[in-house]
$ cat protein-v7.csv   # CSV, C-alpha atoms
chain,number,residue,atom,x,y,z
C,1,MET,CA,-9.9,-1.5,106.5
C,2,SER,CA,-9.6,-1.9,102.9
C,3,GLN,CA,-6.6,-3.7,101.4
C,4,PRO,CA,-4.2,-1.7,99.3
C,5,THR,CA,-4.7,-2.0,95.6
C,6,ARG,CA,-1.8,-3.7,93.8
C,7,PRO,CA,-0.3,-1.5,91.1
C,8,GLN,CA,-1.2,-2.7,87.6
C,9,PRO,CA,1.5,-3.1,84.9
C,10,GLU,CA,1.6,-0.2,82.5
C,11,SER,CA,0.5,-2.4,79.7
C,12,ALA,CA,-2.7,-3.5,81.3
C,13,GLY,CA,-5.8,-2.4,79.6
C,14,ARG,CA,-4.1,-1.5,76.3
C,15,GLU,CA,-3.7,-3.2,73.0
C,16,PRO,CA,-0.4,-5.0,72.8
C,17,THR,CA,2.3,-3.1,71.1
C,18,PRO,CA,4.4,-4.7,68.3
C,19,ARG,CA,7.0,-5.5,71.0
C,20,ASP,CA,4.5,-7.4,73.1
C,21,PRO,CA,4.5,-11.2,72.9
C,22,GLY,CA,1.9,-12.5,70.5
C,23,ALA,CA,1.6,-9.2,68.7
C,24,THR,CA,2.1,-8.5,64.9
C,25,ALA,CA,5.8,-9.0,64.9
C,26,ALA,CA,5.6,-12.6,63.8
C,27,PRO,CA,3.5,-11.9,60.7
C,28,ARG,CA,5.9,-9.1,59.7
C,29,ARG,CA,8.8,-11.5,60.1
C,30,THR,CA,6.9,-13.9,57.9
C,31,ARG,CA,6.6,-11.2,55.2
C,32,ARG,CA,10.3,-10.5,55.5
C,33,ARG,CA,11.0,-14.2,54.9
C,34,ILE,CA,8.6,-14.3,51.9
C,35,TRP,CA,9.8,-11.2,50.2
C,36,PRO,CA,13.3,-12.5,49.2
C,37,TRP,CA,11.6,-15.6,47.7
C,38,VAL,CA,9.3,-13.4,45.6
C,39,VAL,CA,12.3,-11.3,44.4
C,40,SER,CA,14.2,-14.5,43.6
C,41,GLY,CA,11.2,-15.9,41.7
C,42,VAL,CA,10.9,-12.8,39.5
C,43,ALA,CA,14.6,-12.9,38.9
C,44,VAL,CA,14.5,-16.5,37.8
C,45,VAL,CA,11.6,-15.8,35.4
C,46,LEU,CA,13.5,-12.8,33.9
C,47,VAL,CA,16.7,-14.8,33.5
C,48,ALA,CA,14.7,-17.6,31.9
C,49,ALA,CA,13.0,-15.1,29.5
C,50,LEU,CA,16.3,-13.5,28.6
C,51,GLY,CA,17.8,-16.9,28.1
C,52,LEU,CA,15.0,-17.9,25.8
C,53,ALA,CA,15.3,-14.6,23.9
C,54,GLY,CA,19.0,-15.2,23.5
C,55,TRP,CA,18.4,-18.8,22.4
C,56,TYR,CA,15.9,-17.5,19.8
C,57,ALA,CA,18.3,-14.9,18.4
C,58,TYR,CA,21.1,-17.5,18.3
C,59,SER,CA,18.8,-20.0,16.6
C,60,LEU,CA,17.8,-17.5,13.9
C,61,ASN,CA,21.4,-16.4,13.3
C,62,ARG,CA,22.5,-20.0,13.2
C,63,SER,CA,19.8,-20.9,10.7
C,64,LEU,CA,21.0,-18.2,8.4
C,65,SER,CA,24.8,-18.8,8.9
C,66,ASP,CA,24.5,-22.5,8.2
C,67,ASN,CA,22.4,-22.2,5.1
C,68,ILE,CA,22.6,-18.9,3.2
C,69,ARG,CA,25.1,-18.1,0.5
C,70,ARG,CA,26.6,-14.8,-0.6
C,71,ASP,CA,28.2,-13.4,-3.7
C,72,ASN,CA,29.3,-10.2,-5.3
C,73,SER,CA,26.0,-9.4,-6.8
C,74,LEU,CA,26.0,-5.7,-6.2
C,75,PRO,CA,27.8,-3.5,-8.8
C,76,THR,CA,31.1,-2.1,-7.8
C,77,ALA,CA,30.8,1.3,-6.1
C,78,GLY,CA,31.7,4.2,-8.3
C,79,PRO,CA,30.5,7.4,-9.8
C,80,GLY,CA,28.3,5.5,-12.2
C,81,ARG,CA,25.9,4.3,-9.5
C,82,PRO,CA,23.1,6.5,-8.3
C,83,SER,CA,23.5,7.8,-4.7
C,84,ALA,CA,21.0,7.2,-2.0
C,85,ASP,CA,18.4,10.0,-1.8
C,86,PRO,CA,18.6,11.7,1.6
C,87,THR,CA,14.8,12.2,1.6
C,88,ALA,CA,14.3,8.5,1.5
C,89,THR,CA,16.7,7.6,4.4
C,90,GLY,CA,15.5,4.4,6.1
C,91,ALA,CA,13.7,2.9,3.1
C,92,LEU,CA,15.2,-0.2,1.5
C,93,ASN,CA,15.2,-1.4,-2.1
C,94,PHE,CA,15.9,-5.1,-2.8
C,95,VAL,CA,16.4,-6.6,-6.3
C,96,LEU,CA,14.7,-10.0,-6.3
C,97,LEU,CA,15.8,-12.4,-9.0
C,98,GLY,CA,14.4,-15.8,-9.9
C,99,SER,CA,16.7,-17.8,-12.0
C,100,ASP,CA,17.3,-21.3,-13.3
C,101,SER,CA,20.6,-21.6,-11.3
C,102,ARG,CA,21.5,-20.7,-7.8
C,103,ASN,CA,25.2,-21.0,-8.5
C,104,PRO,CA,26.6,-17.4,-8.6
C,105,ASP,CA,29.4,-18.7,-10.9
C,106,ASP,CA,26.8,-19.5,-13.6
C,107,ALA,CA,26.4,-15.9,-14.9
C,108,GLY,CA,26.1,-16.2,-18.6
C,109,GLU,CA,24.5,-19.7,-18.3
C,110,GLY,CA,21.4,-19.2,-16.2
C,111,ARG,CA,18.4,-17.1,-17.2
C,112,SER,CA,16.6,-14.6,-15.1
C,113,ASP,CA,12.9,-15.6,-15.4
C,114,SER,CA,11.7,-13.1,-12.9
C,115,ILE,CA,13.1,-9.6,-12.1
C,116,MET,CA,11.5,-7.6,-9.3
C,117,VAL,CA,12.3,-4.6,-7.1
C,118,VAL,CA,10.9,-4.9,-3.6
C,119,HIS,CA,10.6,-1.5,-1.9
C,120,LEU,CA,10.2,-1.5,1.9
C,121,ASP,CA,9.1,1.8,3.3
C,122,LYS,CA,10.9,3.5,6.2
C,123,ALA,CA,8.3,2.4,8.7
C,124,ARG,CA,8.6,-1.2,7.6
C,125,ASN,CA,4.8,-1.6,7.5
C,126,LYS,CA,4.4,-1.4,3.7
C,127,ALA,CA,6.0,-3.4,0.9
C,128,TYR,CA,5.8,-2.8,-2.8
C,129,ILE,CA,6.7,-5.6,-5.2
C,130,VAL,CA,7.4,-4.2,-8.7
C,131,SER,CA,8.0,-6.8,-11.5
C,132,PHE,CA,9.9,-5.9,-14.7
C,133,PRO,CA,8.6,-8.1,-17.6
C,134,ARG,CA,11.6,-9.9,-19.1
C,135,ASP,CA,10.8,-8.6,-22.6
C,136,MET,CA,11.1,-4.9,-21.6
C,137,TRP,CA,13.3,-3.2,-24.1
C,138,VAL,CA,15.9,-1.3,-22.1
C,139,SER,CA,19.5,-0.1,-22.1
C,140,ILE,CA,22.0,-2.6,-20.6
C,141,PRO,CA,25.3,-0.9,-19.6
C,142,GLY,CA,28.0,-1.9,-22.0
C,143,HIS,CA,25.7,-3.9,-24.2
C,144,GLY,CA,23.3,-1.4,-25.8
C,145,LYS,CA,19.6,-2.0,-26.1
C,146,ALA,CA,18.1,-5.4,-25.4
C,147,LYS,CA,15.4,-7.3,-23.5
C,148,ILE,CA,16.0,-6.7,-19.7
C,149,ASN,CA,16.5,-10.4,-19.0
C,150,ALA,CA,19.5,-10.4,-21.3
C,151,ALA,CA,21.4,-8.5,-18.6
C,152,TYR,CA,21.5,-11.6,-16.4
C,153,SER,CA,22.8,-13.8,-19.3
C,154,ALA,CA,25.5,-11.2,-20.1
C,155,GLY,CA,26.7,-10.3,-16.6
C,156,GLY,CA,24.7,-12.1,-13.9
C,157,ALA,CA,23.0,-10.3,-11.0
C,158,SER,CA,25.5,-7.5,-10.9
C,159,LEU,CA,24.7,-6.3,-14.4
C,160,THR,CA,21.0,-6.8,-13.8
C,161,VAL,CA,21.2,-4.5,-10.8
C,162,SER,CA,23.2,-1.9,-12.9
C,163,THR,CA,20.5,-2.1,-15.5
C,164,LEU,CA,17.7,-1.5,-13.0
C,165,GLU,CA,19.6,1.4,-11.3
C,166,GLY,CA,20.1,3.0,-14.7
C,167,LEU,CA,16.4,2.5,-15.6
C,168,LEU,CA,15.2,3.9,-12.3
C,169,ASP,CA,18.0,6.3,-11.5
C,170,THR,CA,17.7,4.8,-8.0
C,171,ARG,CA,20.2,3.0,-5.8
C,172,MET,CA,19.4,-0.7,-5.0
C,173,ASP,CA,20.5,-1.7,-1.5
C,174,HIS,CA,20.6,-5.4,-1.7
C,175,VAL,CA,20.1,-8.4,-4.0
C,176,VAL,CA,18.3,-11.7,-3.3
C,177,GLN,CA,18.5,-14.5,-5.8
C,178,ILE,CA,16.2,-17.5,-5.6
C,179,ASP,CA,16.2,-20.6,-7.8
C,180,PHE,CA,13.0,-22.3,-8.9
C,181,GLU,CA,13.6,-25.3,-6.7
C,182,GLY,CA,13.5,-22.7,-3.9
C,183,PHE,CA,10.0,-21.9,-4.8
C,184,ILE,CA,9.0,-25.5,-4.3
C,185,ALA,CA,10.7,-25.7,-0.9
C,186,LEU,CA,9.2,-22.5,0.4
C,187,THR,CA,5.6,-23.3,-0.5
C,188,ASP,CA,6.0,-26.8,0.8
C,189,GLY,CA,7.5,-25.6,4.1
C,190,LEU,CA,4.5,-23.2,4.6
C,191,GLY,CA,2.0,-25.9,3.9
C,192,GLY,CA,0.9,-24.2,0.7
C,193,VAL,CA,0.1,-20.6,-0.2
C,194,THR,CA,-3.2,-19.1,-1.3
C,195,VAL,CA,-3.5,-16.9,-4.3
C,196,ASP,CA,-6.3,-15.4,-6.4
C,197,ASN,CA,-5.9,-16.8,-9.9
C,198,LYS,CA,-7.2,-14.5,-12.6
C,199,HIS,CA,-7.1,-16.9,-15.5
C,200,ALA,CA,-7.9,-20.6,-15.5
C,201,PHE,CA,-5.2,-22.6,-17.2
C,202,THR,CA,-3.3,-25.9,-17.2
C,203,SER,CA,0.4,-26.6,-17.2
C,204,HIS,CA,2.5,-29.7,-17.0
C,205,GLY,CA,-0.3,-31.8,-15.7
C,206,PHE,CA,-1.6,-29.3,-13.2
C,207,THR,CA,-5.0,-27.5,-13.4
C,208,TYR,CA,-5.4,-24.0,-12.0
C,209,PRO,CA,-9.1,-22.9,-11.9
C,210,LYS,CA,-10.1,-19.3,-11.8
C,211,GLY,CA,-10.5,-17.8,-8.3
C,212,GLU,CA,-8.8,-18.5,-5.0
C,213,ILE,CA,-6.5,-21.5,-5.1
C,214,THR,CA,-3.9,-23.0,-2.7
C,215,ILE,CA,-0.7,-24.3,-4.3
C,216,LYS,CA,2.6,-25.7,-3.2
C,217,GLY,CA,5.5,-27.7,-4.5
C,218,LYS,CA,5.7,-28.3,-8.3
C,219,GLU,CA,2.2,-27.1,-8.6
C,220,ALA,CA,3.5,-23.7,-7.4
C,221,LEU,CA,6.5,-23.9,-9.6
C,222,TRP,CA,4.5,-24.3,-12.8
C,223,PHE,CA,2.1,-21.6,-11.7
C,224,VAL,CA,4.9,-19.1,-11.7
C,225,ARG,CA,6.6,-20.5,-14.8
C,226,GLU,CA,3.7,-20.8,-17.2
C,227,ARG,CA,3.1,-18.1,-19.8
C,228,HIS,CA,2.0,-19.7,-23.1
C,229,SER,CA,-1.4,-20.7,-21.7
C,230,LEU,CA,-2.1,-17.2,-20.4
C,231,PRO,CA,-3.8,-14.5,-22.5
C,232,GLY,CA,-1.3,-11.9,-21.4
C,233,GLY,CA,1.7,-14.2,-21.9
C,234,ASP,CA,4.7,-12.9,-20.0
C,235,LEU,CA,2.8,-10.1,-18.3
C,236,ASP,CA,0.3,-12.5,-16.8
C,237,ARG,CA,3.2,-14.8,-15.7
C,238,ALA,CA,4.9,-11.9,-14.0
C,239,ALA,CA,1.6,-11.1,-12.2
C,240,ASN,CA,1.4,-14.7,-11.0
C,241,GLN,CA,5.0,-14.5,-9.7
C,242,ARG,CA,4.1,-11.4,-7.7
C,243,LYS,CA,1.1,-13.1,-6.2
C,244,VAL,CA,3.2,-16.1,-5.0
C,245,ILE,CA,6.0,-13.9,-3.6
C,246,LYS,CA,3.3,-11.9,-1.7
C,247,ALA,CA,1.7,-15.0,-0.4
C,248,ILE,CA,5.0,-16.4,0.8
C,249,VAL,CA,6.0,-13.2,2.6
C,250,ALA,CA,2.6,-12.6,4.1
C,251,LYS,CA,2.4,-16.2,5.5
C,252,GLY,CA,6.0,-16.5,6.6
C,253,LEU,CA,5.9,-13.1,8.4
C,254,SER,CA,2.4,-13.6,9.9
C,255,THR,CA,1.9,-13.2,13.6
C,256,GLU,CA,1.0,-16.9,13.7
C,257,VAL,CA,4.4,-17.9,12.4
C,258,ILE,CA,6.6,-15.2,14.1
C,259,SER,CA,5.0,-15.9,17.5
C,260,ASP,CA,6.1,-19.5,17.2
C,261,PRO,CA,10.0,-19.4,17.6
C,262,GLY,CA,10.4,-23.0,16.2
C,263,ARG,CA,8.2,-22.4,13.2
C,264,PHE,CA,9.7,-19.0,12.4
C,265,THR,CA,13.2,-20.3,12.7
C,266,SER,CA,12.3,-23.2,10.4
C,267,PHE,CA,10.9,-20.7,7.9
C,268,ILE,CA,14.0,-18.5,7.9
C,269,ALA,CA,16.2,-21.6,7.6
C,270,GLY,CA,14.1,-22.8,4.7
C,271,VAL,CA,14.4,-19.5,2.9
C,272,ALA,CA,18.1,-19.3,3.6
C,273,GLN,CA,18.7,-22.8,2.0
C,274,HIS,CA,17.5,-21.5,-1.4
C,275,VAL,CA,18.7,-18.0,-1.7
C,276,THR,CA,22.0,-16.2,-2.4
C,277,VAL,CA,22.3,-12.6,-1.2
C,278,ASP,CA,24.9,-9.9,-1.7
C,279,GLN,CA,28.0,-9.8,0.5
C,280,SER,CA,26.9,-6.6,2.4
C,281,LEU,CA,23.7,-8.2,3.8
C,282,SER,CA,24.8,-9.7,7.1
C,283,ASP,CA,22.9,-12.4,9.1
C,284,GLU,CA,22.2,-9.9,11.8
C,285,GLN,CA,20.7,-7.4,9.3
C,286,ILE,CA,18.5,-10.1,7.9
C,287,ARG,CA,17.3,-11.2,11.4
C,288,SER,CA,16.7,-7.7,12.5
C,289,LEU,CA,14.8,-6.8,9.3
C,290,ALA,CA,12.6,-9.9,9.4
C,291,LEU,CA,11.6,-9.2,13.0
C,292,SER,CA,11.0,-5.5,12.3
C,293,LEU,CA,8.6,-6.0,9.4
C,294,ARG,CA,4.9,-5.6,10.1
C,295,LEU,CA,3.4,-6.9,7.0
C,296,ASP,CA,0.2,-8.8,6.1
C,297,SER,CA,-1.5,-9.4,2.8
C,298,LYS,CA,-3.2,-6.0,2.9
C,299,SER,CA,0.1,-4.1,3.3
C,300,ILE,CA,1.9,-5.7,0.3
C,301,GLU,CA,1.2,-3.9,-3.0
C,302,LEU,CA,1.8,-5.7,-6.3
C,303,LEU,CA,2.7,-3.6,-9.4
C,304,GLN,CA,4.2,-4.0,-12.8
C,305,ALA,CA,6.8,-1.6,-14.3
C,306,PRO,CA,4.9,0.5,-16.8
C,307,ILE,CA,4.9,-0.3,-20.5
C,308,SER,CA,3.1,1.6,-23.3
C,309,GLY,CA,2.7,-1.3,-25.7
C,310,TYR,CA,4.5,-3.9,-27.8
C,311,ALA,CA,6.8,-3.7,-30.8
C,312,THR,CA,9.1,-5.8,-33.0
C,313,ILE,CA,12.7,-4.6,-32.8
C,314,GLU,CA,15.6,-6.4,-34.4
C,315,GLY,CA,13.2,-9.3,-35.1
C,316,GLN,CA,12.2,-9.6,-31.5
C,317,SER,CA,8.8,-9.1,-29.9
C,318,VAL,CA,9.4,-6.6,-27.1
C,319,ASP,CA,7.6,-4.6,-24.4
C,320,VAL,CA,7.9,-0.9,-24.9
C,321,VAL,CA,8.7,1.1,-21.7
C,322,ASP,CA,6.3,3.9,-20.8
C,323,GLU,CA,9.0,6.5,-20.2
C,324,ALA,CA,6.8,9.2,-18.5
C,325,LYS,CA,5.2,6.8,-16.1
C,326,LEU,CA,8.4,5.0,-15.3
C,327,LYS,CA,9.9,8.3,-14.3
C,328,GLU,CA,7.1,8.8,-11.8
C,329,LEU,CA,7.7,5.3,-10.5
C,330,ALA,CA,11.4,6.0,-10.1
C,331,THR,CA,10.8,9.2,-8.2
C,332,ALA,CA,8.3,7.4,-5.9
C,333,ILE,CA,10.8,4.6,-5.1
C,334,ARG,CA,13.7,7.1,-4.6
C,335,LYS,CA,11.7,9.4,-2.3
C,336,ASP,CA,9.7,6.7,-0.5
C,337,THR,CA,6.4,8.0,-1.8
C,338,MET,CA,5.1,4.8,-3.3
C,339,ASP,CA,1.8,5.1,-1.5
C,340,ALA,CA,0.9,8.2,-3.5
C,341,TYR,CA,2.0,6.4,-6.7
C,342,VAL,CA,-0.3,3.5,-6.0
C,343,LYS,CA,-3.2,5.8,-5.3
C,344,LYS,CA,-2.6,7.5,-8.6
C,345,TYR,CA,-2.2,4.2,-10.5
C,346,PRO,CA,-4.2,1.6,-8.6
C,347,GLN,CA,-3.9,-0.9,-11.4
C,348,GLY,CA,-0.1,-0.6,-11.3
$ encode --input "protein-v7.csv" --output "structure tokens"
Amino acid sequence: MSQPTRPQPESAGREPTPRDPGATAAPRRTRRRIWPWVVSGVAVVLVAALGLAGWYAYSLNRSLSDNIRRDNSLPTAGPGRPSADPTATGALNFVLLGSDSRNPDDAGEGRSDSIMVVHLDKARNKAYIVSFPRDMWVSIPGHGKAKINAAYSAGGASLTVSTLEGLLDTRMDHVVQIDFEGFIALTDGLGGVTVDNKHAFTSHGFTYPKGEITIKGKEALWFVRERHSLPGGDLDRAANQRKVIKAIVAKGLSTEVISDPGRFTSFIAGVAQHVTVDQSLSDEQIRSLALSLRLDSKSIELLQAPISGYATIEGQSVDVVDEAKLKELATAIRKDTMDAYVKKYPQG
């Protein structure tokens, strides 16, 4: 007689369920234990990144606050100043002055050896540096006709800005003054800047061969100051000044420098030590503007304010303004259409 078959458990012959001992529950518990650590790790990385970004922003602002100077270099607001053109909203116009003195109280003593208007387009990916030869014969508000650099001697940066605004019928947004010692510091801090020298010349013991040269320190200083050894005199000197400004900006705002927080902060601090800006230009605006710029050597255009020739007026050798072309330049700056102007006048 056969023995009765013992009933088998219901689980026999089946794959263990997640509730069975030795099934997949343990690995899932392991994943549950790991997941909080992953989240915590990502959070730590994000906090660290935000902390570094905050430190970077703080360092940049501190490098400005501790070094930069401000003065009342913009003209007093009033009906005499041109209003900002609504079609050019977002573009910025800076007056860049290179003088013998950084002290804002020295108006009437220092001289403006370089006068430039720097136009930044709305997209911040193009810059146009327009220099105004110091012998340009222009109207200086309250002083009649004179060479443009006389405006600085008569009324400092504020009168120079008023003169440019009257000449261009265009509002200038900010003013940056840099002394010649600043040129030395900036080029030294960048390890030198490379420019294309059009005319070979010597000045104060330095030799500048024709072609691509790298200059810094006092060598850079006399490169931008010399005019008597150049065939075009003051016009060639202004061209050399534009070249050095372009080289400094392109190198200082290059990806190589901006991507290195320590190096970029050092560059900004170096610039700040040798400039005076108008009261309305805050540290935060400067930092934001510097980080928003997308400039390289190909996106910086160098121009000269147009002149039609030379003359002797009141016993002075002067540069005569090309009125028609200057009007076109003024419109291009005001309406942020400088690209079209450069295409029409590729030689400036």
$ atom_distance --input "protein-v7.csv" --atom1 "CA of His274 in chain C" --atom2 "CA of Leu64 in chain C"
10.9 Å
$ closest_residue --input "protein-v7.csv" --among "C:Arg287, C:Lys251, C:Gly182, C:Asp319" --to "Asn149 in chain C" --atoms "only C-alpha atoms"
C:Asp319
$ closest_residue --input "protein-v7.csv" --among "C:Thr337, C:Ile68, C:Met116, C:Pro141" --to "Gly80 in chain C" --atoms "only C-alpha atoms"
C:Pro141
$ closest_residue --input "protein-v7.csv" --among "C:Gly205, C:Pro261, C:Gly155, C:Gly217" --to "Glu181 in chain C" --atoms "all atoms listed in the file"
C:Gly217
$ closest_residue --input "protein-v7.csv" --among "C:Val118, C:Ala91, C:Ile307, C:Leu281" --to "Lys327 in chain C" --atoms "only C-alpha atoms"
C:Ile307
$ atom_distance --input "protein-v7.csv" --atom1 "CA of Ile184 in chain C" --atom2 "CA of Asn197 in chain C"
18.1 Å
$ closest_residue --input "protein-v7.csv" --among "C:Ser259, C:Thr276, C:Thr163, C:Ser114" --to "Asn240 in chain C" --atoms "all atoms listed in the file"
C:Ser114
$ residues_near_point --input "protein-v7.csv" --point "(-2.7, 1.9, -7.5)" --cutoff "12 Å" --atoms "only C-alpha atoms" --output "MDAnalysis selection string"
chainID C and resid 128 130 300:304 329 338:348
$ residues_near_point --input "protein-v7.csv" --point "(-13.7, -26.9, -15.4)" --cutoff "9 Å" --atoms "all atoms listed in the file" --output "count of residues only"
3
$ atom_distance --input "protein-v7.csv" --atom1 "CA of Ser203 in chain C" --atom2 "CA of Gly156 in chain C"
28.5 Å
$ closest_residue --input "protein-v7.csv" --among "C:Arg294, C:Arg237, C:Lys243, C:His174" --to "Ile215 in chain C" --atoms "all atoms listed in the file"
C:Lys243
$ residues_around --input "protein-v7.csv" --residues "Val161 in chain C" --least-positions-apart "5" --cutoff "12 Å" --atoms "all atoms listed in the file" --output "PyMOL selection string"
chain C and resi 72-76+81-82+93-97+112+115-117+140-141+148-149+151-152+155-156+166-177+278
$ residues_around --input "protein-v7.csv" --residues "Ala247 in chain C" --least-positions-apart "4" --cutoff "9 Å" --atoms "all atoms listed in the file" --output "VMD selection string"
chain C and resid 193 to 195 242 to 243 251 to 252 297
